[in-house]
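Student: Just so it is clear, I am handing over entry23.cif, which has mmCIF, C-alpha atoms.
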data_my_file
loop_
_atom_site.label_atom_id
_atom_site.label_comp_id
_atom_site.auth_asym_id
_atom_site.auth_seq_id
_atom_site.Cartn_x
_atom_site.Cartn_y
_atom_site.Cartn_z
CA MET A 1 -52.52 -14.19 -88.01
CA ASN A 2 -55.66 -12.55 -86.66
CA THR A 3 -56.36 -8.87 -86.95
CA PRO A 4 -57.22 -7.12 -83.68
CA TYR A 5 -60.78 -7.78 -82.60
CA GLY A 6 -62.93 -6.63 -79.71
CA VAL A 7 -61.67 -5.08 -76.50
CA GLY A 8 -57.93 -5.15 -75.91
CA ILE A 9 -55.40 -3.61 -73.58
CA GLY A 10 -51.89 -2.20 -73.78
CA TRP A 11 -49.70 -4.94 -72.33
CA ARG A 12 -47.25 -3.61 -69.74
CA PRO A 13 -45.00 -5.67 -67.42
CA GLU A 14 -46.64 -4.07 -64.36
CA ILE A 15 -50.08 -5.47 -65.25
CA SER A 16 -48.93 -8.69 -66.89
CA GLY A 17 -50.65 -10.86 -64.25
CA PHE A 18 -53.91 -8.97 -64.58
CA VAL A 19 -53.87 -9.18 -68.39
CA ALA A 20 -53.06 -12.92 -68.31
CA GLU A 21 -56.27 -13.55 -66.41
CA LEU A 22 -58.68 -11.79 -68.76
CA PRO A 23 -60.69 -14.74 -70.10
CA GLY A 24 -62.13 -13.13 -73.23
CA LEU A 25 -59.05 -11.21 -74.35
CA ARG A 26 -58.19 -11.55 -78.04
CA PHE A 27 -55.73 -8.75 -78.61
CA VAL A 28 -53.07 -6.68 -76.88
CA GLU A 29 -50.59 -4.06 -77.97
CA VAL A 30 -47.00 -3.94 -76.78
CA ILE A 31 -44.51 -1.07 -76.90
CA ALA A 32 -42.26 -2.30 -79.72
CA GLU A 33 -39.10 -0.79 -78.24
CA SER A 34 -39.61 -2.83 -75.03
CA VAL A 35 -39.25 -6.15 -76.89
CA PRO A 36 -35.73 -7.30 -77.86
CA ALA A 37 -35.53 -7.81 -81.63
CA ALA A 38 -33.78 -11.16 -81.21
CA GLY A 39 -36.33 -12.25 -78.63
CA PRO A 40 -37.47 -13.76 -76.46
CA PRO A 41 -40.51 -11.60 -75.76
CA PRO A 42 -41.33 -11.05 -72.07
CA ASP A 43 -42.80 -14.24 -70.50
CA GLY A 44 -46.31 -12.88 -69.96
CA LEU A 45 -46.52 -11.66 -73.54
CA LEU A 46 -45.24 -14.93 -74.92
CA GLU A 47 -47.93 -16.83 -73.00
CA LEU A 48 -50.63 -14.63 -74.51
CA HIS A 49 -49.16 -15.09 -77.97
CA ASN A 50 -49.08 -18.88 -77.51
CA ARG A 51 -52.71 -18.73 -76.41
CA GLY A 52 -53.63 -17.17 -79.74
CA VAL A 53 -54.00 -13.59 -78.51
CA THR A 54 -53.07 -11.15 -81.29
CA VAL A 55 -50.12 -8.91 -80.33
CA VAL A 56 -49.65 -5.61 -82.16
CA PRO A 57 -46.20 -3.93 -81.78
CA HIS A 58 -46.67 -0.22 -81.18
CA GLY A 59 -43.61 1.91 -81.93
CA VAL A 60 -42.99 5.12 -80.01
CA ARG A 61 -39.45 6.11 -81.07
CA LEU A 62 -39.43 5.91 -84.86
CA SER A 63 -39.95 9.66 -85.26
CA LEU A 64 -41.73 9.27 -88.60
CA GLY A 65 -42.50 12.98 -88.57
CA GLY A 66 -38.86 14.01 -88.24
CA ALA A 67 -37.39 16.07 -91.06
CA ALA A 68 -34.49 13.59 -91.12
CA PRO A 69 -34.98 10.20 -92.78
CA VAL A 70 -36.26 7.55 -90.38
CA GLU A 71 -33.34 5.49 -88.99
CA PRO A 72 -33.24 2.10 -90.79
CA ALA A 73 -32.15 0.33 -87.57
CA ARG A 74 -35.32 1.48 -85.81
CA VAL A 75 -37.51 0.24 -88.67
CA ALA A 76 -35.59 -3.04 -88.70
CA HIS A 77 -36.28 -3.45 -84.98
CA LEU A 78 -40.01 -2.86 -85.45
CA ALA A 79 -40.03 -5.33 -88.36
CA ALA A 80 -38.21 -7.95 -86.29
CA VAL A 81 -40.63 -7.58 -83.38
CA ALA A 82 -43.57 -7.91 -85.78
CA GLN A 83 -42.09 -11.15 -87.08
CA LEU A 84 -41.23 -12.45 -83.63
CA LEU A 85 -44.83 -12.02 -82.52
CA ALA A 86 -46.42 -12.96 -85.86
CA ALA A 87 -48.22 -9.62 -85.72
CA PRO A 88 -50.85 -8.84 -88.37
CA LEU A 89 -49.84 -5.16 -88.34
CA VAL A 90 -47.73 -2.61 -86.48
CA SER A 91 -48.51 0.94 -85.44
CA GLU A 92 -46.65 4.21 -84.96
CA HIS A 93 -47.42 7.90 -84.57
CA ILE A 94 -47.71 10.92 -86.80
CA ALA A 95 -45.18 12.79 -84.69
CA PHE A 96 -41.50 13.43 -84.14
CA VAL A 97 -39.55 12.63 -80.98
CA ARG A 98 -36.08 14.03 -81.67
CA ALA A 99 -34.38 16.78 -83.64
CA GLY A 100 -31.01 18.47 -83.77
CA GLY A 101 -29.43 15.66 -81.74
CA LEU A 102 -31.83 16.04 -78.80
CA GLU A 103 -34.47 13.61 -77.61
CA ALA A 104 -37.77 15.25 -76.72
CA GLY A 105 -38.73 12.28 -74.57
CA HIS A 106 -42.23 12.06 -75.96
CA LEU A 107 -44.32 12.59 -79.08
CA LEU A 108 -44.37 16.10 -80.53
CA PRO A 109 -46.77 17.43 -83.15
CA LEU A 110 -45.77 18.34 -86.69
CA PRO A 111 -46.62 21.61 -88.30
CA ARG A 112 -49.63 20.94 -90.51
CA THR A 113 -47.82 22.14 -93.63
CA HIS A 114 -47.29 20.66 -97.07
CA GLU A 115 -43.58 20.43 -96.30
CA ALA A 116 -44.28 18.33 -93.19
CA VAL A 117 -46.75 16.13 -95.09
CA ASP A 118 -44.02 15.46 -97.66
CA ALA A 119 -41.50 14.62 -94.94
CA VAL A 120 -43.74 12.29 -92.97
CA CYS A 121 -45.03 10.54 -96.11
CA ALA A 122 -41.45 9.93 -97.26
CA ASN A 123 -40.59 8.38 -93.90
CA ILE A 124 -43.73 6.25 -93.85
CA ALA A 125 -42.87 4.98 -97.34
CA ARG A 126 -39.33 4.13 -96.13
CA ALA A 127 -40.78 2.23 -93.18
CA GLN A 128 -43.40 0.45 -95.29
CA ALA A 129 -40.69 -0.77 -97.66
CA ASP A 130 -38.96 -2.63 -94.80
CA LEU A 131 -41.95 -3.77 -92.75
CA PRO A 132 -43.40 -7.26 -93.29
CA VAL A 133 -46.93 -6.11 -92.38
CA PRO A 134 -49.14 -3.03 -92.81
CA ILE A 135 -48.67 -0.01 -90.57
CA ALA A 136 -51.44 1.90 -88.80
CA LEU A 137 -50.76 5.57 -88.03
CA GLU A 138 -51.87 7.28 -84.84
CA PRO A 139 -52.58 11.02 -84.70
CA ILE A 140 -51.29 12.31 -81.37
CA ALA A 141 -52.60 14.56 -78.61
CA ALA A 142 -50.85 17.91 -78.94
CA LEU A 143 -50.69 20.59 -76.27
CA PHE A 144 -49.66 23.23 -78.81
CA ASP A 145 -50.00 23.98 -82.49
CA TRP A 146 -47.36 25.38 -84.81
CA PRO A 147 -47.72 28.93 -86.11
CA ASP A 148 -46.91 27.52 -89.55
CA ASP A 149 -50.13 25.50 -89.93
CA GLU A 150 -51.59 25.57 -93.47
CA LEU A 151 -54.00 22.63 -93.19
CA ASP A 152 -56.60 21.76 -90.62
CA GLU A 153 -56.27 18.48 -88.76
CA ALA A 154 -58.65 16.46 -90.97
CA ALA A 155 -57.09 17.68 -94.23
CA PHE A 156 -53.60 16.98 -92.85
CA LEU A 157 -54.45 13.43 -91.75
CA ASN A 158 -56.42 12.57 -94.88
CA GLU A 159 -53.59 13.71 -97.11
CA ILE A 160 -51.10 11.50 -95.24
CA LEU A 161 -53.42 8.46 -95.24
CA GLU A 162 -54.23 8.83 -98.93
CA ARG A 163 -50.63 9.24 -100.01
CA THR A 164 -49.30 6.36 -97.93
CA GLY A 165 -52.21 3.92 -98.05
CA ALA A 166 -51.64 3.36 -94.32
CA LEU A 167 -54.30 2.27 -91.86
CA LEU A 168 -55.51 4.57 -89.12
CA LEU A 169 -55.03 3.97 -85.40
CA LEU A 170 -57.47 6.45 -83.96
CA ASP A 171 -57.01 7.45 -80.33
CA VAL A 172 -60.37 8.69 -79.10
CA ALA A 173 -58.77 10.32 -76.06
CA ASN A 174 -56.38 12.23 -78.33
CA VAL A 175 -59.28 13.44 -80.47
CA TYR A 176 -61.04 14.55 -77.30
CA ALA A 177 -57.93 16.20 -75.82
CA ASN A 178 -57.11 18.17 -78.97
CA ALA A 179 -60.68 19.35 -79.44
CA ARG A 180 -60.97 20.40 -75.81
CA ASN A 181 -57.65 22.26 -75.81
CA ARG A 182 -58.36 23.97 -79.14
CA GLY A 183 -62.00 24.65 -78.40
CA THR A 184 -63.18 22.68 -81.44
CA ASP A 185 -65.81 19.98 -81.89
CA PRO A 186 -64.40 16.43 -81.72
CA VAL A 187 -67.40 14.97 -83.54
CA ALA A 188 -66.80 17.31 -86.48
CA LEU A 189 -63.34 15.79 -86.85
CA LEU A 190 -64.74 12.24 -86.71
CA ASP A 191 -67.10 13.17 -89.53
CA ARG A 192 -64.17 14.00 -91.79
CA LEU A 193 -61.95 10.98 -91.02
CA PRO A 194 -62.08 7.69 -92.94
CA LEU A 195 -63.48 5.56 -90.10
CA GLU A 196 -63.53 2.51 -92.37
CA ARG A 197 -59.72 2.64 -92.37
CA VAL A 198 -59.41 2.40 -88.60
CA ALA A 199 -57.53 -0.78 -87.65
CA TYR A 200 -58.28 -0.25 -83.97
CA LEU A 201 -58.97 2.44 -81.43
CA HIS A 202 -57.05 3.66 -78.40
CA VAL A 203 -58.89 4.85 -75.32
CA ALA A 204 -57.18 6.36 -72.28
CA GLY A 205 -57.70 8.60 -69.30
CA GLY A 206 -56.46 12.12 -68.79
CA ALA A 207 -56.64 15.04 -66.42
CA GLU A 208 -57.06 18.80 -66.42
CA ARG A 209 -53.96 20.60 -65.19
CA GLY A 210 -53.08 24.27 -65.43
CA GLY A 211 -55.89 25.00 -67.87
CA PHE A 212 -54.96 22.20 -70.27
CA TYR A 213 -56.37 18.73 -70.67
CA HIS A 214 -53.47 16.26 -70.51
CA ASP A 215 -53.66 12.81 -72.07
CA THR A 216 -51.89 11.21 -69.12
CA HIS A 217 -52.68 7.48 -69.46
CA THR A 218 -52.42 7.46 -65.65
CA ASP A 219 -55.96 8.62 -64.81
CA PRO A 220 -59.33 6.91 -65.24
CA ILE A 221 -61.15 7.30 -68.59
CA GLY A 222 -63.47 10.27 -68.35
CA ARG A 223 -67.17 10.18 -69.15
CA GLU A 224 -66.73 12.52 -72.13
CA VAL A 225 -64.18 10.20 -73.74
CA LEU A 226 -66.48 7.20 -73.32
CA GLU A 227 -69.32 9.20 -74.86
CA LEU A 228 -67.14 10.15 -77.81
CA LEU A 229 -66.17 6.49 -78.19
CA ALA A 230 -69.84 5.50 -78.27
CA GLU A 231 -70.56 8.29 -80.76
CA LEU A 232 -67.77 7.07 -83.04
CA CYS A 233 -68.90 3.44 -82.85
CA ALA A 234 -72.46 4.45 -83.62
CA ARG A 235 -71.18 5.96 -86.90
CA HIS A 236 -68.86 3.19 -87.92
CA ARG A 237 -67.53 0.69 -85.43
CA PRO A 238 -63.88 -0.27 -86.02
CA PRO A 239 -62.87 -3.92 -85.46
CA ALA A 240 -61.24 -3.29 -82.07
CA ALA A 241 -60.69 -0.85 -79.22
CA MET A 242 -58.09 -0.96 -76.46
CA LEU A 243 -57.34 0.64 -73.14
CA GLU A 244 -53.97 2.33 -72.69
CA ARG A 245 -52.77 2.61 -69.11
CA ASP A 246 -49.17 3.61 -68.39
CA GLY A 247 -48.87 4.11 -64.67
CA HIS A 248 -50.67 4.69 -61.36
CA TYR A 249 -52.21 1.29 -61.98
CA PRO A 250 -55.49 0.97 -60.09
CA PRO A 251 -56.70 -2.20 -58.35
CA ALA A 252 -57.75 -4.99 -60.72
CA GLY A 253 -61.45 -4.35 -60.09
CA GLU A 254 -61.15 -0.77 -61.37
CA LEU A 255 -59.26 -1.83 -64.50
CA ARG A 256 -61.93 -4.45 -65.19
CA THR A 257 -64.63 -1.82 -64.81
CA GLU A 258 -62.81 0.38 -67.35
CA LEU A 259 -62.50 -2.49 -69.83
CA ASP A 260 -66.20 -3.24 -69.39
CA ALA A 261 -67.04 0.42 -69.97
CA VAL A 262 -65.07 0.36 -73.25
CA ALA A 263 -66.90 -2.83 -74.28
CA ALA A 264 -70.27 -1.26 -73.46
CA ALA A 265 -69.52 1.97 -75.34
CA CYS A 266 -68.53 0.01 -78.46
CA GLY A 267 -71.03 -2.84 -78.17
CA PHE A 268 -68.24 -5.43 -77.95
CA PRO A 269 -68.42 -8.56 -75.78
CA VAL A 270 -66.87 -8.08 -72.34
CA VAL A 271 -63.42 -9.65 -71.93
CA THR A 272 -63.29 -9.66 -68.13
CA MET B 273 -44.13 18.59 -103.71
CA THR B 274 -43.07 21.72 -101.93
CA PRO B 275 -39.29 22.01 -101.71
CA ALA B 276 -38.02 22.21 -98.13
CA GLY B 277 -38.10 25.74 -96.76
CA ALA B 278 -39.41 27.28 -99.96
CA GLY B 279 -42.97 28.15 -99.04
CA PRO B 280 -44.65 31.29 -100.31
CA PRO B 281 -43.43 34.56 -98.72
CA ASP B 282 -45.42 35.24 -95.58
CA PRO B 283 -46.59 38.82 -95.05
CA THR B 284 -47.54 38.22 -91.38
CA GLY B 285 -43.96 37.70 -90.29
CA THR B 286 -44.50 34.02 -89.51
CA PRO B 287 -41.07 32.50 -88.92
CA THR B 288 -39.38 30.71 -91.75
CA GLY B 289 -36.71 28.07 -91.96
CA THR B 290 -36.60 24.45 -92.99
CA LEU B 291 -38.63 21.84 -91.18
CA ALA B 292 -35.38 20.40 -89.80
CA SER B 293 -34.20 23.68 -88.29
CA ARG B 294 -37.65 24.51 -86.93
CA GLN B 295 -37.97 21.09 -85.28
CA ALA B 296 -34.49 21.39 -83.77
CA GLU B 297 -35.31 24.85 -82.37
CA LEU B 298 -38.53 23.57 -80.87
CA VAL B 299 -36.96 20.54 -79.16
CA ALA B 300 -34.13 22.69 -77.79
CA ALA B 301 -36.69 25.11 -76.36
CA LEU B 302 -38.65 22.27 -74.79
CA VAL B 303 -35.87 20.24 -73.21
CA ALA B 304 -32.65 22.26 -73.16
CA ASP B 305 -33.64 25.79 -72.13
CA GLY B 306 -33.22 26.94 -75.73
CA PRO B 307 -34.69 30.30 -76.78
CA PRO B 308 -38.45 30.24 -77.45
CA PRO B 309 -39.04 29.59 -81.15
CA ALA B 310 -40.71 32.48 -82.93
CA GLY B 311 -44.44 32.46 -83.40
CA PHE B 312 -45.41 29.82 -80.82
CA ALA B 313 -47.88 30.71 -78.08
CA PRO B 314 -45.85 30.63 -74.82
CA GLY B 315 -48.58 29.17 -72.56
CA PRO B 316 -49.15 25.94 -74.49
CA LEU B 317 -45.40 25.54 -74.98
CA ALA B 318 -44.84 25.81 -71.23
CA ALA B 319 -47.55 23.21 -70.67
CA ALA B 320 -45.83 20.90 -73.15
CA ARG B 321 -42.46 21.43 -71.44
CA ALA B 322 -43.98 20.45 -68.08
CA ALA B 323 -45.79 17.46 -69.60
CA LEU B 324 -42.53 16.17 -71.14
CA LEU B 325 -40.85 16.36 -67.74
CA ARG B 326 -43.68 14.41 -66.11
CA LYS B 327 -43.49 11.74 -68.84
CA ARG B 328 -39.74 11.50 -68.23
CA ALA B 329 -40.30 11.20 -64.49
CA GLY B 330 -42.59 8.23 -65.17
CA GLU B 331 -40.03 6.59 -67.43
CA VAL B 332 -37.20 7.07 -64.94
CA ALA B 333 -39.38 5.66 -62.14
CA ARG B 334 -39.85 2.49 -64.21
CA HIS B 335 -36.06 2.08 -64.46
CA TRP B 336 -35.40 3.15 -60.86
CA PRO B 337 -38.46 1.98 -58.91
CA LEU B 338 -36.70 1.98 -55.51
CA LEU B 339 -35.28 5.45 -56.00
CA ALA B 340 -38.76 6.77 -56.84
CA ALA B 341 -40.37 4.82 -53.99
CA GLY B 342 -37.73 6.05 -51.56
CA LEU B 343 -38.53 9.65 -52.39
CA GLY B 344 -42.26 8.94 -52.09
CA PRO B 345 -44.48 11.96 -52.71
CA ALA B 346 -41.36 14.10 -53.31
CA TRP B 347 -40.42 11.99 -56.35
CA PRO B 348 -41.98 13.97 -59.21
CA THR B 349 -40.76 17.35 -57.92
CA THR B 350 -37.28 16.04 -57.11
CA PHE B 351 -36.91 14.61 -60.60
CA ILE B 352 -38.43 17.59 -62.37
CA ASP B 353 -36.27 20.12 -60.47
CA TRP B 354 -33.19 18.18 -61.47
CA ALA B 355 -34.23 17.45 -65.07
CA ALA B 356 -35.58 20.86 -66.12
CA GLY B 357 -33.39 22.23 -68.90
CA ARG B 358 -31.32 19.02 -68.97
CA PRO B 359 -31.91 16.96 -72.13
CA GLY B 360 -32.90 13.36 -71.42
CA GLY B 361 -30.55 10.43 -71.82
CA GLY B 362 -33.21 7.75 -71.36
CA GLY B 363 -34.70 6.38 -68.14
CA LEU B 364 -31.69 4.34 -67.05
CA ARG B 365 -29.12 7.12 -67.44
CA ASP B 366 -31.34 9.94 -66.18
CA GLY B 367 -32.11 8.01 -63.00
CA TRP B 368 -28.47 7.11 -62.55
CA GLU B 369 -27.33 10.70 -62.78
CA LEU B 370 -30.07 11.89 -60.46
CA ALA B 371 -29.17 9.20 -57.92
CA ARG B 372 -25.50 10.23 -58.06
CA ALA B 373 -26.42 13.91 -57.73
CA LEU B 374 -28.63 13.19 -54.71
CA HIS B 375 -25.89 11.03 -53.20
CA ALA B 376 -23.38 13.85 -53.66
CA ARG B 377 -25.55 16.17 -51.59
CA ALA B 378 -26.48 13.47 -49.06
CA ALA B 379 -30.13 13.53 -50.16
CA LEU B 380 -30.39 9.98 -51.50
CA PRO B 381 -33.00 7.94 -49.56
CA PRO B 382 -31.86 4.48 -48.30
CA LEU B 383 -33.90 2.59 -50.91
CA GLY B 384 -32.34 4.69 -53.66
CA ALA B 385 -28.87 4.14 -52.18
CA GLU B 386 -29.36 0.39 -52.29
CA GLU B 387 -30.59 0.53 -55.87
CA LEU B 388 -27.62 2.70 -56.84
CA ALA B 389 -25.13 0.37 -55.10
CA VAL B 390 -26.59 -2.62 -56.95
CA ARG B 391 -26.42 -0.81 -60.29
CA GLU B 392 -22.85 0.38 -59.70
CA ALA B 393 -21.82 -3.21 -58.98
CA GLU B 394 -23.56 -4.53 -62.06
CA PHE B 395 -22.71 -1.87 -64.65
CA HIS B 396 -19.98 0.55 -65.50
CA TYR B 397 -21.43 3.98 -66.23
CA ASP B 398 -19.04 6.76 -67.20
CA GLY B 399 -21.71 9.47 -67.18
CA HIS B 400 -21.66 9.80 -70.97
CA ARG B 401 -22.29 6.55 -72.75
CA THR B 402 -24.82 3.74 -72.28
CA PRO B 403 -23.93 1.79 -69.10
CA ARG B 404 -21.99 -1.42 -69.82
CA ARG B 405 -22.33 -4.66 -67.87
CA ARG B 406 -19.14 -5.30 -65.83
CA ARG B 407 -17.09 -8.30 -66.86
CA PHE B 408 -15.16 -8.63 -63.61
CA PRO B 409 -16.22 -8.88 -59.97
CA ALA B 410 -17.08 -5.46 -58.54
CA LEU B 411 -18.38 -3.67 -55.47
CA GLY B 412 -20.97 -0.93 -55.53
CA GLN B 413 -21.36 1.48 -52.61
CA ALA B 414 -23.75 4.32 -51.83
CA GLY B 415 -25.05 5.75 -48.57
CA GLY B 416 -23.68 2.84 -46.54
CA ALA B 417 -25.17 0.23 -48.85
CA ILE B 418 -22.71 -2.26 -50.30
CA ALA B 419 -23.49 -4.55 -53.24
CA VAL B 420 -21.19 -7.14 -54.74
CA GLN B 421 -21.26 -8.57 -58.24
CA PHE B 422 -19.57 -11.84 -59.04
CA ALA B 423 -19.97 -13.76 -62.31
CA GLY B 424 -22.88 -11.50 -63.25
CA ARG B 425 -24.85 -12.11 -60.03
CA VAL B 426 -25.43 -9.14 -57.76
CA ARG B 427 -26.12 -9.29 -54.02
CA LEU B 428 -26.74 -6.52 -51.56
CA LEU B 429 -24.23 -7.24 -48.75
CA ARG B 430 -25.19 -4.40 -46.45
CA PRO B 431 -28.32 -2.23 -46.46
CA ALA B 432 -28.09 1.54 -46.56
CA ARG B 433 -27.95 3.62 -43.38
CA PRO B 434 -31.51 4.54 -42.43
#
Please render this file's structure as structure tokens.
Tutor:
Amino acid sequence: MNTPYGVGIGWRPEISGFVAELPGLRFVEVIAESVPAAGPPPDGLLELHNRGVTVVPHGVRLSLGGAAPVEPARVAHLAAVAQLLAAPLVSEHIAFVRAGGLEAGHLLPLPRTHEAVDAVCANIARAQADLPVPIALEPIAALFDWPDDELDEAAFLNEILERTGALLLLDVANVYANARNRGTDPVALLDRLPLERVAYLHVAGGAERGGFYHDTHTDPIGREVLELLAELCARHRPPAAMLERDGHYPPAGELRTELDAVAAACGFPVVT
Amino acid sequence: MTPAGAGPPDPTGTPTGTLASRQAELVAALVADGPPPAGFAPGPLAAARAALLRKRAGEVARHWPLLAAGLGPAWPTTFIDWAAGRPGGGGLRDGWELARALHARAALPPLGAEELAVREAEFHYDGHRTPRRRRFPALGQAGGAIAVQFAGRVRLLRPARP
């Protein structure tokens, strides 16, 4: 059971062939909800697992930040996938995805209030009680803030990490997106986060649209995000960093160039 | 611990309510044409609403690749026009309902018709609950395309009218 190391990539069925042929690859992440709890995992993923590549299940539908208690069946699914893939850890988001019987369809930000901290910490504790491995929490990219905010982002995240003892999954593109949309300094946030608790990093591309920077995962990684990644790694380099791509897949050569750029920014060996 | 909904009184008129009710209001405003929740800046909220629709379009395209391919560059707009204000039911169901709606107004492209015919042969979908795999032989038809399912295997017998 190896913890994530070096440059990884989000495994998706559409790029399974490309990922299978990365000679130096030691870790991938898979969307937990896309793997059946009873198995088998998708063929391409199973081959990687059998080759010794670490697979981290990444949940997107737990809704840990929901005011309602996290659904035990969803935690059980994440736990089963972790066991199926002998994962060293799992990850999820500090976000909610449904409320009042409606699905939002994607991750939504919490108000940065003490009430929300209590709610999310209670749900994380419920999840931790039923998970066989540690959980890493990912702060999301938010296009809006709540009017209720009492804490700034760093205080909010630190409070949650301290109370739950969870690891941090830091998405450099999310840090960049939030800072750009709020007009704040992303490096100032990095300075206040416990970088030594980062299990691994996410890196992804985005695009400007209608005056907002969108964390699309369907565009190339921008120069500013790579610079922020290098800045972070110069302070304290986490054990691993991975590329998230969720559509508009470019030719293999371009994806390899992106993986090499992530490796260069972090000072990791190339995996291509 | 702060009890739910019992924060200090707010002199600025910031909206109150429990976290649960505030989250429900927000999601309804984002996906179901609910009233804008008090205190939120409208511009960023509109951007989030549009971003959620684009994410849904991507998810539906993964479940219905031929439908999306058949619509080509018109795909995102076609989906978003249909989905705006309509809460999502997941990629499989959303795509199914869109395909049926397009079929009903004779706007389903041939590739989408073939995909719909194959799905109709394979699953029973009542428009409300998760589609169920059919246990008996069945035909699926859309836009001239005919698919047949026998013992769980589905074949397209006739392509859609071009």
Student: Apply the PyMOL selection byres ((chain B) within 7 of (chain A)) to the file shown and report the selected residues as a list in words.
Tutor: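 Here the PyMOL selection byres ((chain B) within 7 of (chain A)) matches Met273, Thr274, Ala276, Thr286, Leu291, Ala292, Gln295, Ala296, Val299, Val303, Gly311, Phe312, Pro316, Leu317, Ala319, Ala320, Leu324, Arg328, Pro359 and Gly360 of chain B.
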Student: Between A:Glu162, A:Asp185, A:Glu21, A:Glu258, which one has atoms that come closest to Leu137 of chain A, using only C-alpha atoms?
Tutor: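 Answer, going by the shortest atom-to-atom distance: A:Glu162.
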Student: Translate the PyMOL selection byres ((chain A and resi 93) around 9), as applied to the file shown, into an explicit residue set as a list in words.
Tutor: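 Evaluating the PyMOL selection byres ((chain A and resi 93) around 9) on this file yields His58, Gly59, Val60, Arg61, Leu62, Ser63, Leu64, Gly65, Ser91, Glu92, Ile94, Ala95, Phe96, Leu107, Ala136, Leu137, Glu138, Pro139, Ile140 and Leu169 of chain A.
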Student: Running the PyMOL selection byres ((chain B and resi 401) around 12) on this model by hand, what would come out? Give it as a PyMOL selection string.
Tutor: chain B and resi 361-362+364-366+368-369+395-400+402-404
Student: Considering only C-alpha atoms, can you say which of B:Leu370, B:Ile352, B:Val426, B:Ala310 comes closest to Gly330 of chain B?
Tutor: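 Smallest distance to Gly330 of chain B is found for B:Ile352.
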Student: Nearest residue to Glu297 of chain B out of B:Leu325, B:Arg391, B:Leu429, B:Pro309, using all atoms listed in the file?
Tutor: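 For Glu297 of chain B, the nearest of the candidates is B:Pro309.
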